[in-house]
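I have placed the structure first, in the form of structure tokens, so that the comments after it can refer back to it.
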Amino acid sequence: MGGSKIKIILWDRKEIRKSLILQPPVFANLQKGIDFFCQYLSQNNISKSSQNLKIGIAIPGLVRHEKTTIVKCANLPFLNGLNLAKRLKHNYLKIDNDAKCFLRAEMQRGSAKGYKNIIGVVLGTGIGGAFSALNIKSKIENIFSGRDGWAGEFGHMIIEKGKSWEKLYQETKQKPKQQQKINAMAFANLINIFNPEVIILGGRGARMPNKKMISRYLLEPQKQMPKFLQAKLKDNAVAMGAAMLWD
């Protein structure tokens, strides 16, 4: 679920069997969303109560550690405070932040596969992020979640004049040179804090940043500069990462 579209996929852990893209206001309120979802399951001969149906949902907001309750979703405020598993009466449902889902999928099937210290940044309606330190030998996913599960809100990082990266990103969409500078400052902050070996870029606003500009803000540019890679899974990454909550 995003601020501009909703993508539904049917995933069998090997490939996407079916997919559907919806544009708001299809889910203009909670009940319409639930009704549509149940109708979609029925049309595809999927029983909502079946143990074989495991549901993963990605949302652009804050999710509690138990991955069933949405704390806050700025772009879809009717979801705030909602336990979707209880509302849908489904025991096999998990929710996670969309940027974490994006990184999960890219780590398992995409551009981040094989790397250890990884940052994922999704630039869409807003800006989302996630960070992982992967133990390749044991193949244990370790997407850092923080105390409450809310880590990775890179878009709310203050960049200039008390304004966040996300706010400045939105204000400079028609000013590419200014946006390039804002993005360079933000990426430099992430590199100085996390020291990643690769940064995976996703979302419709994902463009390769200006490394020369980023270098101005780094301590040791030649040593610190990570690889920047576009998402291999493109607009399927978030939905696949949500489905992979059950892997």
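Ordering of the structure tokens sets the chain letters (A, B, ...), residue numbers begin anew at 1 in every chain, and ligands are numbered from 1 in the order given.
Residues in contact with Met185 in chain A at up to 12 Å, not including ones fewer than 6 positions away on its chain and judged by only C-alpha atoms, are Met157, Ile158, Ile159, Glu160, Ser164, Trp165, Leu168, Tyr169, Gln178, Gln179, Ile191, Asn192, Pro209, Asn210, Lys211, Lys212, Met213, Ile214, Ser215, Arg216, Tyr217 and Leu218 of chain A.
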For the selection you just gave me, I'd like the residues written to a file as an mmCIF file, in the first residue's frame, keeping C-alpha atoms.
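So the final result, stored in again_35.cif, reads:
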```cif
data_model
loop_
_atom_site.group_PDB
_atom_site.id
_atom_site.type_symbol
_atom_site.label_atom_id
_atom_site.label_comp_id
_atom_site.auth_asym_id
_atom_site.auth_seq_id
_atom_site.Cartn_x
_atom_site.Cartn_y
_atom_site.Cartn_z
ATOM 1 C CA MET A 157 16.188 13.337 8.792
ATOM 2 C CA ILE A 158 16.668 17.106 9.083
ATOM 3 C CA ILE A 159 18.803 18.403 6.226
ATOM 4 C CA GLU A 160 18.544 22.168 5.941
ATOM 5 C CA SER A 164 13.416 17.127 6.564
ATOM 6 C CA TRP A 165 14.820 15.300 3.545
ATOM 7 C CA LEU A 168 12.826 19.275 0.759
ATOM 8 C CA TYR A 169 12.612 16.423 -1.755
ATOM 9 C CA GLN A 178 18.545 21.848 -5.868
ATOM 10 C CA GLN A 179 17.155 18.354 -5.388
ATOM 11 C CA ILE A 191 27.101 6.947 4.623
ATOM 12 C CA ASN A 192 28.755 8.695 7.596
ATOM 13 C CA PRO A 209 23.089 10.553 -7.091
ATOM 14 C CA ASN A 210 26.014 12.860 -7.821
ATOM 15 C CA LYS A 211 28.980 11.139 -6.130
ATOM 16 C CA LYS A 212 31.216 14.166 -6.538
ATOM 17 C CA MET A 213 28.701 16.240 -4.603
ATOM 18 C CA ILE A 214 28.337 13.538 -1.941
ATOM 19 C CA SER A 215 32.123 13.432 -1.495
ATOM 20 C CA ARG A 216 32.130 17.003 -0.176
ATOM 21 C CA TYR A 217 30.338 15.852 2.968
ATOM 22 C CA LEU A 218 32.252 12.608 3.683
#
```
- Task: Check the DSSP output for the backbone and give back, as a ChimeraX atom specification, the residues of range 31-211 of chain A in strand (DSSP E or B).
- Result: /A:55-59,62-63,69-72,83,93-97,117-123,127-133,135,140,143,158-160,163-164,198-202
Store the residues picked out above in a file with C-alpha atoms, as an mmCIF file, in the first residue's frame.
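Output file result_2.cif follows:
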```cif
data_model
loop_
_atom_site.group_PDB
_atom_site.id
_atom_site.type_symbol
_atom_site.label_atom_id
_atom_site.label_comp_id
_atom_site.auth_asym_id
_atom_site.auth_seq_id
_atom_site.Cartn_x
_atom_site.Cartn_y
_atom_site.Cartn_z
ATOM 1 C CA ILE A 55 -0.870 -12.533 3.817
ATOM 2 C CA GLY A 56 1.905 -9.950 3.938
ATOM 3 C CA ILE A 57 1.109 -6.236 3.743
ATOM 4 C CA ALA A 58 3.579 -3.379 3.282
ATOM 5 C CA ILE A 59 2.556 0.092 4.426
ATOM 6 C CA LEU A 62 5.123 2.696 11.485
ATOM 7 C CA VAL A 63 4.405 -0.928 12.447
ATOM 8 C CA THR A 69 -0.720 -3.553 14.153
ATOM 9 C CA ILE A 70 -0.248 -0.292 12.249
ATOM 10 C CA VAL A 71 0.851 2.549 14.537
ATOM 11 C CA LYS A 72 0.778 5.442 12.085
ATOM 12 C CA ASN A 83 -4.800 -4.472 13.989
ATOM 13 C CA LEU A 93 -1.333 -11.985 8.352
ATOM 14 C CA LYS A 94 1.804 -9.895 8.896
ATOM 15 C CA ILE A 95 2.497 -6.218 8.253
ATOM 16 C CA ASP A 96 5.778 -4.374 7.823
ATOM 17 C CA ASN A 97 7.089 -1.009 6.720
ATOM 18 C CA ASN A 117 26.041 -3.923 5.002
ATOM 19 C CA ILE A 118 23.169 -2.572 2.951
ATOM 20 C CA ILE A 119 20.978 0.522 2.889
ATOM 21 C CA GLY A 120 17.715 0.607 0.963
ATOM 22 C CA VAL A 121 16.147 3.949 0.037
ATOM 23 C CA VAL A 122 12.727 4.235 -1.601
ATOM 24 C CA LEU A 123 11.878 7.583 -3.197
ATOM 25 C CA ILE A 127 11.116 8.782 1.296
ATOM 26 C CA GLY A 128 11.500 5.501 3.155
ATOM 27 C CA GLY A 129 14.584 3.614 4.232
ATOM 28 C CA ALA A 130 15.988 0.471 5.804
ATOM 29 C CA PHE A 131 19.384 -0.853 6.861
ATOM 30 C CA SER A 132 20.656 -4.406 7.151
ATOM 31 C CA ALA A 133 23.799 -6.146 8.315
ATOM 32 C CA ASN A 135 25.333 -12.703 8.077
ATOM 33 C CA ILE A 140 20.057 -14.661 8.693
ATOM 34 C CA ILE A 143 17.026 -5.621 8.984
ATOM 35 C CA ILE A 158 16.668 17.106 9.083
ATOM 36 C CA ILE A 159 18.803 18.403 6.226
ATOM 37 C CA GLU A 160 18.544 22.168 5.941
ATOM 38 C CA LYS A 163 13.334 20.872 7.092
ATOM 39 C CA SER A 164 13.416 17.127 6.564
ATOM 40 C CA VAL A 198 25.969 -0.661 -1.116
ATOM 41 C CA ILE A 199 22.883 1.561 -1.303
ATOM 42 C CA ILE A 200 19.910 0.165 -3.239
ATOM 43 C CA LEU A 201 17.600 2.739 -4.795
ATOM 44 C CA GLY A 202 13.906 2.122 -5.470
#
```
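Candidate residues A:Arg147, A:Ala231, A:Phe154, A:Ala239 were compared for distance to Met107 in chain A, and the nearest is A:Ala231, using only C-alpha atoms.
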Within 12 Å of range 7-16 of chain A: each range 101-153 of chain A residue with its shortest pair, only C-alpha atoms, as CSV:
```
residue,atom,partner,partner_atom,distance
A:Ala105,CA,A:Arg13,CA,11.3
A:Gln108,CA,A:Arg13,CA,11.3
A:Arg109,CA,A:Lys14,CA,10.2
```
- Task: Name the residues of range 92-212 of chain A that fall into helix (DSSP H, G or I) according to DSSP on the backbone, using the chain letters and numbers of this document, as a ChimeraX atom specification.
- Result: /A:98-109,154-156,165-171,176-194,211-212
Keeping only C-alpha atoms, write those residues as a short mmCIF file (atom, residue, chain, number, x, y, z; two decimals), in the first residue's frame.
```
data_model
loop_
_atom_site.label_atom_id
_atom_site.label_comp_id
_atom_site.auth_asym_id
_atom_site.auth_seq_id
_atom_site.Cartn_x
_atom_site.Cartn_y
_atom_site.Cartn_z
CA ASP A 98 7.30 -0.74 2.91
CA ALA A 99 10.99 0.21 2.82
CA LYS A 100 11.88 -2.80 4.98
CA CYS A 101 9.87 -5.01 2.62
CA PHE A 102 11.69 -3.44 -0.33
CA LEU A 103 15.09 -4.21 1.18
CA ARG A 104 14.07 -7.74 2.21
CA ALA A 105 13.15 -8.65 -1.37
CA GLU A 106 16.24 -7.02 -2.88
CA MET A 107 18.43 -8.90 -0.38
CA GLN A 108 16.91 -12.26 -1.26
CA ARG A 109 16.25 -11.91 -4.98
CA PHE A 154 15.41 8.40 6.72
CA GLY A 155 12.95 10.79 5.11
CA HIS A 156 12.47 12.58 8.45
CA TRP A 165 14.82 15.30 3.54
CA GLU A 166 11.29 14.28 2.53
CA LYS A 167 9.94 17.83 2.79
CA LEU A 168 12.83 19.27 0.76
CA TYR A 169 12.61 16.42 -1.75
CA GLN A 170 8.95 17.24 -2.36
CA GLU A 171 9.62 20.98 -2.58
CA PRO A 176 16.57 19.19 -10.26
CA LYS A 177 19.82 20.96 -9.33
CA GLN A 178 18.54 21.85 -5.87
CA GLN A 179 17.15 18.35 -5.39
CA GLN A 180 20.50 16.85 -6.41
CA LYS A 181 22.22 18.85 -3.66
CA ILE A 182 19.61 17.89 -1.05
CA ASN A 183 19.91 14.21 -1.97
CA ALA A 184 23.72 14.40 -1.84
CA MET A 185 23.62 15.81 1.69
CA ALA A 186 21.17 13.12 2.79
CA PHE A 187 23.14 10.24 1.27
CA ALA A 188 26.35 11.59 2.82
CA ASN A 189 24.65 11.58 6.24
CA LEU A 190 23.61 7.95 5.76
CA ILE A 191 27.10 6.95 4.62
CA ASN A 192 28.75 8.69 7.60
CA ILE A 193 26.35 7.02 10.03
CA PHE A 194 26.04 3.48 8.64
CA LYS A 211 28.98 11.14 -6.13
CA LYS A 212 31.22 14.17 -6.54
#
```
- From the list A:Glu153, A:Asp247, A:Asp148, A:Glu197, the nearest residue to Phe228 in chain A using only C-alpha atoms is A:Glu197
- Students should find that CA of Cys73 in chain A and CA of Asn236 in chain A are spaced 20.8 Å
- Note on the structure: Closest of A:Met1, A:Leu20, A:Ala206, A:Leu53 to Trp246 in chain A, counting only C-alpha atoms, is A:Leu53
